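Below is one structure; the comments refer to it alone.
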Amino acid sequence: MKIPSHVGIIMDGNGRWAVSRGKKRSYGHKAGSDNVDRITTHAFNRGVKVLTLYAFSSENWERPKEEVDELMRLLKVYFTKYIKKILKNKIKLFVMGDLTKLSPELQEIIYKDMEQSKNNDEHVLNIAINYGGRQEICYAVNKLLSKNEEITVDNISKELYTAPFGEPDLIIRTGGEKRISNFMLYQGAYSELYFSDVLWPDFNEEEFDKALEDFSTRKRRFGRL
Ligand code: FPP
């Protein structure tokens with residue numbers, strides 16, 4: 001089977017998963033957060049090199065404070081709890097996005113985790129937090145301007161957060177919606193897209209394999225014949 005080197009996932013459907021069980025949306029985020037380890041482990045076992053997960057968008061701040069607080073709490077728990085496993089499995093942890101808006105405590109944990117895992121080279125787990133694809137393009141262009149460099153397609157690519165990890169071969173969105181929601185707009189230009197109706201907390205190993213099987217059948221032409 002043809003395995004995509006870089007997979008991006010829009011983990012959608014936590015809220016609906018919880019509400020359908022008569023629970024609060026936060027309950028769904030907790031279940032979604034538990035699923036992150038399951039799918040990360042499975043994807044790397046299948047041979048995926050880089051996994052980029054959309055955990056919190058630049059627009060998610062507009063959600064009720066209670067929900068934002070819960071997501072931030074879950075991220076803190078994740079980065080504190082899983083760092084041992086990440087190091088043991090030689091995974092490089094990277095967090096992309098504008099981290100300056102996160103609490104100083106969460107920033108400190110994230111930077112420490114990234115520092116500790118920076119020399120790992122088996123796999124990359126790239127987590128997008130306070131991330132937006134449009135914002136990332138502006139960030140890259142501003143970096144070029146500050147260095148007085150020409151704004152070209154290649155130069156912008158080199159300044160994206162994901163520059164060292166390459167472009168996603170496959171982007172999966174769970175939860176039934178068919179849109180890209182400001183996720184990896186520039187580097188996703190030629191990504192294959194896979195949409196699953198399964199809500200993120202239920203998106204298990206079998207569902208991930210269905211996405212891989214589907215990817216295997218795609219003929220990638222990158223605009224050529
Ligand atoms: C979309 O579901 C999901 C999010 C906005 C957050 C994704 C976060 C996690 C999976 C947990 C934390 C992440 C890590 C890396 C530990 P939604 O709330 O929009 O669901 P809905 O479409 O059903 O309302």
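Quick note on naming: the chains in the structure tokens go A, B, ... in the order shown, residues restart at 1 in each chain, and ligands are numbered from 1 in order of appearance.
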
All residues within 7 Å of ligand 1 are required, counting only C-alpha atoms and all ligand atoms; please report them as a PyMOL selection string. chain A and resi 11-17+25+29-30+32-33+36+53-56+60+71+74-75+78+127+175

I need the chosen residues saved as a PDB file, in the first residue's frame, with C-alpha atoms.
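Heads up, here's the output in result24.pdb:
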ATOM      1  CA  MET A  11     -10.312  16.538  14.085  1.00  0.00           C
ATOM      2  CA  ASP A  12     -13.937  17.596  13.843  1.00  0.00           C
ATOM      3  CA  GLY A  13     -17.055  16.365  15.614  1.00  0.00           C
ATOM      4  CA  ASN A  14     -16.209  16.366  19.328  1.00  0.00           C
ATOM      5  CA  GLY A  15     -19.120  18.656  20.212  1.00  0.00           C
ATOM      6  CA  ARG A  16     -21.747  16.647  18.294  1.00  0.00           C
ATOM      7  CA  TRP A  17     -20.371  13.412  19.743  1.00  0.00           C
ATOM      8  CA  ARG A  25     -19.365  19.712  24.508  1.00  0.00           C
ATOM      9  CA  HIS A  29     -13.217  17.359  23.670  1.00  0.00           C
ATOM     10  CA  LYS A  30     -11.960  15.072  26.435  1.00  0.00           C
ATOM     11  CA  GLY A  32     -11.301  13.680  21.295  1.00  0.00           C
ATOM     12  CA  SER A  33      -8.160  14.347  23.235  1.00  0.00           C
ATOM     13  CA  VAL A  36      -5.160  11.754  19.707  1.00  0.00           C
ATOM     14  CA  LEU A  53      -3.193  17.747  13.887  1.00  0.00           C
ATOM     15  CA  TYR A  54      -5.488  20.775  13.935  1.00  0.00           C
ATOM     16  CA  ALA A  55      -6.123  21.203  17.664  1.00  0.00           C
ATOM     17  CA  PHE A  56      -7.164  24.854  17.976  1.00  0.00           C
ATOM     18  CA  ASN A  60     -11.674  28.994  18.033  1.00  0.00           C
ATOM     19  CA  LEU A  71      -9.478  22.925  25.381  1.00  0.00           C
ATOM     20  CA  LEU A  74      -6.719  19.391  27.755  1.00  0.00           C
ATOM     21  CA  LEU A  75      -3.741  20.647  25.764  1.00  0.00           C
ATOM     22  CA  TYR A  78      -1.641  16.254  26.817  1.00  0.00           C
ATOM     23  CA  ILE A 127       0.164  20.161  16.501  1.00  0.00           C
ATOM     24  CA  GLY A 175     -17.126  14.762  11.352  1.00  0.00           C
TER      25      GLY A 175
END

Name the residues in contact with segment 214-217 of chain A at a cut-off of 12 Å, using only C-alpha atoms, excluding same-chain residues fewer than 6 positions from it; report them as a PyMOL selection string. chain A and resi 1-7+169-172+191-196+207-208

Counting only C-alpha atoms, the option among A:Thr80, A:Asp197, A:Ile137, A:Arg38 closest to Lys112 of chain A: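 Selected residue with least distance to Lys112 of chain A: A:Thr80.
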
From the options A:Phe165, A:Phe203, A:Tyr186, A:Phe222, which residue's atoms come nearest to Lys49 of chain A, counting only C-alpha atoms?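 Nearest to Lys49 of chain A: A:Phe165.
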
Point-to-point distance in Å for atom CA of Lys90 of chain A and atom CA of Gly47 of chain A: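 A separation of 13.6 Å between them.
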
As a ChimeraX atom specification, please: every residue in segment 70-110 of chain A that a backbone DSSP assignment puts in strand (DSSP E or B). /A:91-96

Identify which of the residues A:Thr52, A:Asn45, A:Asn120, A:Asn142 lies closest to Phe183 of chain A, counting only C-alpha atoms when measuring atom-to-atom distances.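 Among the listed residues, A:Thr52 lies closest to Phe183 of chain A.
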
So which residues touch Thr162 of chain A within 10 Å, counting only C-alpha atoms, skipping near sequence neighbours fewer than 4 positions away, as an mmCIF file with N, CA and C atoms, in the first residue's frame?
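part_3.cif, written as the output of this step:
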data_model
loop_
_atom_site.group_PDB
_atom_site.id
_atom_site.type_symbol
_atom_site.label_atom_id
_atom_site.label_comp_id
_atom_site.auth_asym_id
_atom_site.auth_seq_id
_atom_site.Cartn_x
_atom_site.Cartn_y
_atom_site.Cartn_z
ATOM 1 N N THR A 52 0.206 16.043 11.188
ATOM 2 C CA THR A 52 -0.145 17.396 11.627
ATOM 3 C C THR A 52 -1.603 17.403 12.074
ATOM 4 N N PHE A 94 6.351 19.213 17.522
ATOM 5 C CA PHE A 94 6.406 20.599 17.081
ATOM 6 C C PHE A 94 5.009 21.194 17.246
ATOM 7 N N VAL A 95 4.946 22.430 17.656
ATOM 8 C CA VAL A 95 3.639 23.086 17.748
ATOM 9 C C VAL A 95 3.671 24.297 16.828
ATOM 10 N N MET A 96 2.735 24.356 15.895
ATOM 11 C CA MET A 96 2.731 25.496 14.969
ATOM 12 C C MET A 96 1.530 26.397 15.209
ATOM 13 N N ASN A 126 3.158 17.219 14.656
ATOM 14 C CA ASN A 126 3.047 18.665 14.542
ATOM 15 C C ASN A 126 1.627 19.060 14.937
ATOM 16 N N GLU A 136 -0.769 32.152 8.650
ATOM 17 C CA GLU A 136 0.559 31.596 8.405
ATOM 18 C C GLU A 136 1.186 32.185 7.127
ATOM 19 N N SER A 157 7.125 29.267 0.705
ATOM 20 C CA SER A 157 7.155 27.879 1.213
ATOM 21 C C SER A 157 8.222 27.710 2.287
ATOM 22 N N LYS A 158 9.368 28.336 2.054
ATOM 23 C CA LYS A 158 10.492 28.170 2.987
ATOM 24 C C LYS A 158 10.240 28.814 4.345
ATOM 25 N N GLY A 166 7.780 19.304 5.006
ATOM 26 C CA GLY A 166 7.180 19.029 3.699
ATOM 27 C C GLY A 166 5.674 19.236 3.690
ATOM 28 N N GLU A 167 5.129 19.109 2.496
ATOM 29 C CA GLU A 167 3.696 19.381 2.321
ATOM 30 C C GLU A 167 2.863 18.139 2.639
ATOM 31 N N PRO A 168 1.646 18.317 3.134
ATOM 32 C CA PRO A 168 0.826 17.131 3.432
ATOM 33 C C PRO A 168 0.402 16.400 2.154
ATOM 34 N N MET A 184 -3.751 24.617 6.650
ATOM 35 C CA MET A 184 -2.662 24.397 5.693
ATOM 36 C C MET A 184 -3.043 24.794 4.249
ATOM 37 N N GLN A 187 0.367 25.024 1.866
ATOM 38 C CA GLN A 187 1.075 23.751 1.643
ATOM 39 C C GLN A 187 0.125 22.632 1.226
#

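The coordinates place atom CA of Asp34 of chain A at 21.6 Å from atom CA of Glu177 of chain A.
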
If you run DSSP on the backbone, which residues of segment 39-155 of chain A are alpha helix (DSSP H), as a PyMOL selection string? chain A and resi 39-45+65-81+83-88+104-117+133-146+153-155

Given only C-alpha atoms as the counted atoms, nearest of A:Asn119, A:Arg46, A:Leu106, A:Ser20 to Ile86 of chain A: A:Asn119
